[in-house]
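> my_file.cif (mmCIF, C-alpha atoms; chains and numbers go by the auth columns) pasted underneath:
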```
data_run
#
loop_
_atom_site.group_PDB
_atom_site.id
_atom_site.type_symbol
_atom_site.label_atom_id
_atom_site.label_comp_id
_atom_site.label_asym_id
_atom_site.label_seq_id
_atom_site.Cartn_x
_atom_site.Cartn_y
_atom_site.Cartn_z
_atom_site.B_iso_or_equiv
_atom_site.auth_seq_id
_atom_site.auth_asym_id
ATOM 1 C CA MET A 1 -5.906 -0.682 14.743 0.00 1 A
ATOM 2 C CA SER A 2 -2.246 -1.572 14.983 0.00 2 A
ATOM 3 C CA ARG A 3 0.376 0.054 12.790 0.00 3 A
ATOM 4 C CA GLN A 4 0.939 -3.265 11.020 0.00 4 A
ATOM 5 C CA ALA A 5 -2.780 -3.677 10.289 0.00 5 A
ATOM 6 C CA SER A 6 -2.864 -0.109 8.966 0.00 6 A
ATOM 7 C CA GLY A 7 -0.090 -0.970 6.507 0.00 7 A
ATOM 8 C CA LEU A 8 -1.927 -4.100 5.435 0.00 8 A
ATOM 9 C CA MET A 9 -5.108 -2.102 4.871 0.00 9 A
ATOM 10 C CA ALA A 10 -3.231 0.429 2.745 0.00 10 A
ATOM 11 C CA TRP A 11 -1.731 -2.428 0.725 0.00 11 A
ATOM 12 C CA VAL A 12 -5.179 -3.981 0.165 0.00 12 A
ATOM 13 C CA VAL A 13 -6.698 -0.629 -0.855 0.00 13 A
ATOM 14 C CA GLN A 14 -3.834 0.013 -3.282 0.00 14 A
ATOM 15 C CA ARG A 15 -4.220 -3.414 -4.915 0.00 15 A
ATOM 16 C CA ALA A 16 -8.039 -3.377 -5.047 0.00 16 A
ATOM 17 C CA THR A 17 -8.194 0.100 -6.555 0.00 17 A
ATOM 18 C CA SER A 18 -5.514 -0.774 -9.094 0.00 18 A
ATOM 19 C CA VAL A 19 -7.654 -3.643 -10.395 0.00 19 A
ATOM 20 C CA TYR A 20 -10.634 -1.344 -11.019 0.00 20 A
ATOM 21 C CA LEU A 21 -8.420 1.350 -12.546 0.00 21 A
ATOM 22 C CA ALA A 22 -6.743 -1.122 -14.902 0.00 22 A
ATOM 23 C CA ILE A 23 -10.044 -2.589 -16.088 0.00 23 A
ATOM 24 C CA PHE A 24 -11.816 0.747 -16.496 0.00 24 A
ATOM 25 C CA LEU A 25 -8.894 2.510 -18.184 0.00 25 A
ATOM 26 C CA THR A 26 -8.523 -0.418 -20.609 0.00 26 A
ATOM 27 C CA TYR A 27 -12.230 -0.095 -21.421 0.00 27 A
ATOM 28 C CA LEU A 28 -11.842 3.666 -21.993 0.00 28 A
ATOM 29 C CA LEU A 29 -8.818 3.172 -24.238 0.00 29 A
ATOM 30 C CA VAL A 30 -10.539 0.527 -26.357 0.00 30 A
ATOM 31 C CA HIS A 31 -13.764 2.536 -26.519 0.00 31 A
ATOM 32 C CA PHE A 32 -12.082 5.774 -27.613 0.00 32 A
ATOM 33 C CA VAL A 33 -9.796 4.054 -30.124 0.00 33 A
ATOM 34 C CA PHE A 34 -12.620 2.189 -31.883 0.00 34 A
ATOM 35 C CA ASN A 35 -15.658 4.383 -31.151 0.00 35 A
ATOM 36 C CA ALA A 36 -14.481 7.923 -30.491 0.00 36 A
ATOM 37 C CA PRO A 37 -17.290 10.470 -30.071 0.00 37 A
ATOM 38 C CA ALA A 38 -17.647 12.840 -33.026 0.00 38 A
ATOM 39 C CA GLY A 39 -18.063 15.910 -30.848 0.00 39 A
ATOM 40 C CA HIS A 40 -18.929 17.313 -27.458 0.00 40 A
ATOM 41 C CA ALA A 41 -22.619 16.380 -27.723 0.00 41 A
ATOM 42 C CA ALA A 42 -21.749 12.767 -28.497 0.00 42 A
ATOM 43 C CA LEU A 43 -19.370 12.661 -25.542 0.00 43 A
ATOM 44 C CA VAL A 44 -22.026 14.080 -23.210 0.00 44 A
ATOM 45 C CA ASN A 45 -24.556 11.518 -24.507 0.00 45 A
ATOM 46 C CA TRP A 46 -22.045 8.748 -23.884 0.00 46 A
ATOM 47 C CA VAL A 47 -21.353 9.977 -20.329 0.00 47 A
ATOM 48 C CA ALA A 48 -25.104 10.290 -19.710 0.00 48 A
ATOM 49 C CA HIS A 49 -25.565 6.546 -20.261 0.00 49 A
ATOM 50 C CA PRO A 50 -26.275 5.150 -16.753 0.00 50 A
ATOM 51 C CA VAL A 51 -23.635 2.399 -16.823 0.00 51 A
ATOM 52 C CA VAL A 52 -20.931 4.766 -18.039 0.00 52 A
ATOM 53 C CA ALA A 53 -21.948 7.508 -15.610 0.00 53 A
ATOM 54 C CA LEU A 54 -21.958 5.132 -12.638 0.00 54 A
ATOM 55 C CA SER A 55 -18.610 3.705 -13.711 0.00 55 A
ATOM 56 C CA LEU A 56 -17.174 7.222 -13.942 0.00 56 A
ATOM 57 C CA LEU A 57 -18.704 8.161 -10.585 0.00 57 A
ATOM 58 C CA LEU A 58 -16.990 5.123 -9.068 0.00 58 A
ATOM 59 C CA PHE A 59 -13.757 5.922 -10.931 0.00 59 A
ATOM 60 C CA VAL A 60 -13.300 9.298 -9.203 0.00 60 A
ATOM 61 C CA PRO A 61 -13.133 8.089 -5.569 0.00 61 A
ATOM 62 C CA VAL A 62 -11.246 4.930 -6.564 0.00 62 A
ATOM 63 C CA LEU A 63 -8.591 6.986 -8.353 0.00 63 A
ATOM 64 C CA LEU A 64 -8.329 9.381 -5.422 0.00 64 A
ATOM 65 C CA ALA A 65 -8.056 6.525 -2.887 0.00 65 A
ATOM 66 C CA HIS A 66 -5.335 4.908 -4.983 0.00 66 A
ATOM 67 C CA ALA A 67 -3.424 8.180 -5.292 0.00 67 A
ATOM 68 C CA TRP A 68 -3.891 8.993 -1.591 0.00 68 A
ATOM 69 C CA VAL A 69 -2.339 5.716 -0.445 0.00 69 A
ATOM 70 C CA GLY A 70 0.610 6.188 -2.788 0.00 70 A
ATOM 71 C CA ILE A 71 1.281 9.815 -1.899 0.00 71 A
ATOM 72 C CA ARG A 72 0.714 9.184 1.811 0.00 72 A
ATOM 73 C CA ASP A 73 3.260 6.367 1.788 0.00 73 A
ATOM 74 C CA VAL A 74 5.830 8.466 -0.062 0.00 74 A
ATOM 75 C CA LEU A 75 5.384 11.377 2.355 0.00 75 A
ATOM 76 C CA ILE A 76 5.564 9.101 5.404 0.00 76 A
ATOM 77 C CA ASP A 77 8.721 7.442 4.084 0.00 77 A
ATOM 78 C CA TYR A 78 10.622 10.499 2.857 0.00 78 A
ATOM 79 C CA VAL A 79 9.420 13.573 4.791 0.00 79 A
ATOM 80 C CA HIS A 80 10.901 13.178 8.260 0.00 80 A
ATOM 81 C CA ASN A 81 9.853 16.518 9.742 0.00 81 A
ATOM 82 C CA LEU A 82 6.494 15.778 11.388 0.00 82 A
ATOM 83 C CA GLY A 83 5.092 19.298 10.969 0.00 83 A
ATOM 84 C CA LEU A 84 6.013 19.461 7.280 0.00 84 A
ATOM 85 C CA ARG A 85 4.637 15.960 6.680 0.00 85 A
ATOM 86 C CA LEU A 86 1.349 16.834 8.388 0.00 86 A
ATOM 87 C CA GLY A 87 1.086 20.069 6.408 0.00 87 A
ATOM 88 C CA LEU A 88 1.728 18.288 3.110 0.00 88 A
ATOM 89 C CA LEU A 89 -0.754 15.522 3.934 0.00 89 A
ATOM 90 C CA THR A 90 -3.369 18.147 4.786 0.00 90 A
ATOM 91 C CA LEU A 91 -2.710 20.030 1.551 0.00 91 A
ATOM 92 C CA VAL A 92 -2.960 16.837 -0.495 0.00 92 A
ATOM 93 C CA ALA A 93 -6.151 15.808 1.320 0.00 93 A
ATOM 94 C CA PHE A 94 -7.865 19.143 0.643 0.00 94 A
ATOM 95 C CA THR A 95 -6.727 19.052 -2.985 0.00 95 A
ATOM 96 C CA PHE A 96 -8.089 15.532 -3.414 0.00 96 A
ATOM 97 C CA ILE A 97 -11.407 16.418 -1.778 0.00 97 A
ATOM 98 C CA ALA A 98 -11.813 19.474 -4.011 0.00 98 A
ATOM 99 C CA SER A 99 -10.812 17.515 -7.116 0.00 99 A
ATOM 100 C CA GLY A 100 -13.161 14.669 -6.258 0.00 100 A
ATOM 101 C CA LEU A 101 -16.104 16.988 -5.707 0.00 101 A
ATOM 102 C CA TRP A 102 -15.349 18.800 -8.958 0.00 102 A
ATOM 103 C CA GLY A 103 -15.086 15.518 -10.887 0.00 103 A
ATOM 104 C CA ILE A 104 -18.332 14.143 -9.476 0.00 104 A
ATOM 105 C CA LYS A 105 -20.109 17.426 -10.206 0.00 105 A
ATOM 106 C CA ALA A 106 -18.842 17.333 -13.811 0.00 106 A
ATOM 107 C CA ILE A 107 -20.144 13.805 -14.322 0.00 107 A
ATOM 108 C CA ILE A 108 -23.522 14.614 -12.792 0.00 108 A
ATOM 109 C CA THR A 109 -23.778 17.815 -14.827 0.00 109 A
ATOM 110 C CA ALA A 110 -23.098 15.829 -17.994 0.00 110 A
ATOM 111 C CA GLY A 111 -26.581 14.459 -17.839 0.00 111 A
ATOM 112 C CA LEU A 112 -27.111 11.536 -15.517 0.00 112 A
ATOM 113 C CA TRP A 113 -29.130 13.475 -12.938 0.00 113 A
ATOM 114 C CA GLY A 114 -28.896 17.001 -14.310 0.00 114 A
#
```
Could you write out this file's structure as structure tokens?


Amino acid sequence: MSRQASGLMAWVVQRATSVYLAIFLTYLLVHFVFNAPAGHAALVNWVAHPVVALSLLLFVPVLLAHAWVGIRDVLIDYVHNLGLRLGLLTLVAFTFIASGLWGIKAIITAGLWG
């Protein structure tokens, strides 16, 4: 893949993920403003609903992909030392992987398959 095609792919990923994030976060805002759960049990029951759980499971990798493209571009543009840039990208990648696994585990534990 050429460098130009790589930039185009990053641009497409950033735009596609932003559409899902905007729609889903708007849904969450409206839902919690007009139908906030009364307590922890109500929240867990809401997350256990299959449509909500699948939407949340999709939200985690979409959010991480969106953040990865943004942070990667900032580091590529502003960190000129190759070793430092590679180290920071590695640190961010491991942090995102750990965060994603933790988020998915939390959603699954909330009741969809647990």

> Can you give me, as an MDAnalysis selection string, the residues this file yields under the PyMOL selection byres ((chain A and resi 62-79) around 10)?

chainID A and resid 7 9:11 13:18 20:21 56:61 80:86 88:89 92:93 96:97 99:100

> Create the file for the chosen residues now, containing C-alpha atoms and written as an mmCIF file, in the frame of the given file.


```cif
data_model
loop_
_atom_site.group_PDB
_atom_site.id
_atom_site.type_symbol
_atom_site.label_atom_id
_atom_site.label_comp_id
_atom_site.auth_asym_id
_atom_site.auth_seq_id
_atom_site.Cartn_x
_atom_site.Cartn_y
_atom_site.Cartn_z
ATOM 1 C CA GLY A 7 -0.090 -0.970 6.507
ATOM 2 C CA MET A 9 -5.108 -2.102 4.871
ATOM 3 C CA ALA A 10 -3.231 0.429 2.745
ATOM 4 C CA TRP A 11 -1.731 -2.428 0.725
ATOM 5 C CA VAL A 13 -6.698 -0.629 -0.855
ATOM 6 C CA GLN A 14 -3.834 0.013 -3.282
ATOM 7 C CA ARG A 15 -4.220 -3.414 -4.915
ATOM 8 C CA ALA A 16 -8.039 -3.377 -5.047
ATOM 9 C CA THR A 17 -8.194 0.100 -6.555
ATOM 10 C CA SER A 18 -5.514 -0.774 -9.094
ATOM 11 C CA TYR A 20 -10.634 -1.344 -11.019
ATOM 12 C CA LEU A 21 -8.420 1.350 -12.546
ATOM 13 C CA LEU A 56 -17.174 7.222 -13.942
ATOM 14 C CA LEU A 57 -18.704 8.161 -10.585
ATOM 15 C CA LEU A 58 -16.990 5.123 -9.068
ATOM 16 C CA PHE A 59 -13.757 5.922 -10.931
ATOM 17 C CA VAL A 60 -13.300 9.298 -9.203
ATOM 18 C CA PRO A 61 -13.133 8.089 -5.569
ATOM 19 C CA HIS A 80 10.901 13.178 8.260
ATOM 20 C CA ASN A 81 9.853 16.518 9.742
ATOM 21 C CA LEU A 82 6.494 15.778 11.388
ATOM 22 C CA GLY A 83 5.092 19.298 10.969
ATOM 23 C CA LEU A 84 6.013 19.461 7.280
ATOM 24 C CA ARG A 85 4.637 15.960 6.680
ATOM 25 C CA LEU A 86 1.349 16.834 8.388
ATOM 26 C CA LEU A 88 1.728 18.288 3.110
ATOM 27 C CA LEU A 89 -0.754 15.522 3.934
ATOM 28 C CA VAL A 92 -2.960 16.837 -0.495
ATOM 29 C CA ALA A 93 -6.151 15.808 1.320
ATOM 30 C CA PHE A 96 -8.089 15.532 -3.414
ATOM 31 C CA ILE A 97 -11.407 16.418 -1.778
ATOM 32 C CA SER A 99 -10.812 17.515 -7.116
ATOM 33 C CA GLY A 100 -13.161 14.669 -6.258
#
```

> Once 6 Å is added on each side, what centre and edge lengths in Å to one decimal does the axis-aligned box around all listed atoms of stretch 27-32 of chain A have, as lines of an AutoDock Vina configuration file?


```
center_x = -11.3
center_y = 2.8
center_z = -24.5
size_x = 16.9
size_y = 17.9
size_z = 18.2
```

> Using Å and a single decimal, report how far atom CA of A:Ala48 sits from atom CA of A:Ile108.

8.3 Å

> If I take atom CA of A:Ala38 and atom CA of A:Ala22, how far is one from the other in Å, to one decimal?

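Here the two named atoms are 25.3 Å from each other.
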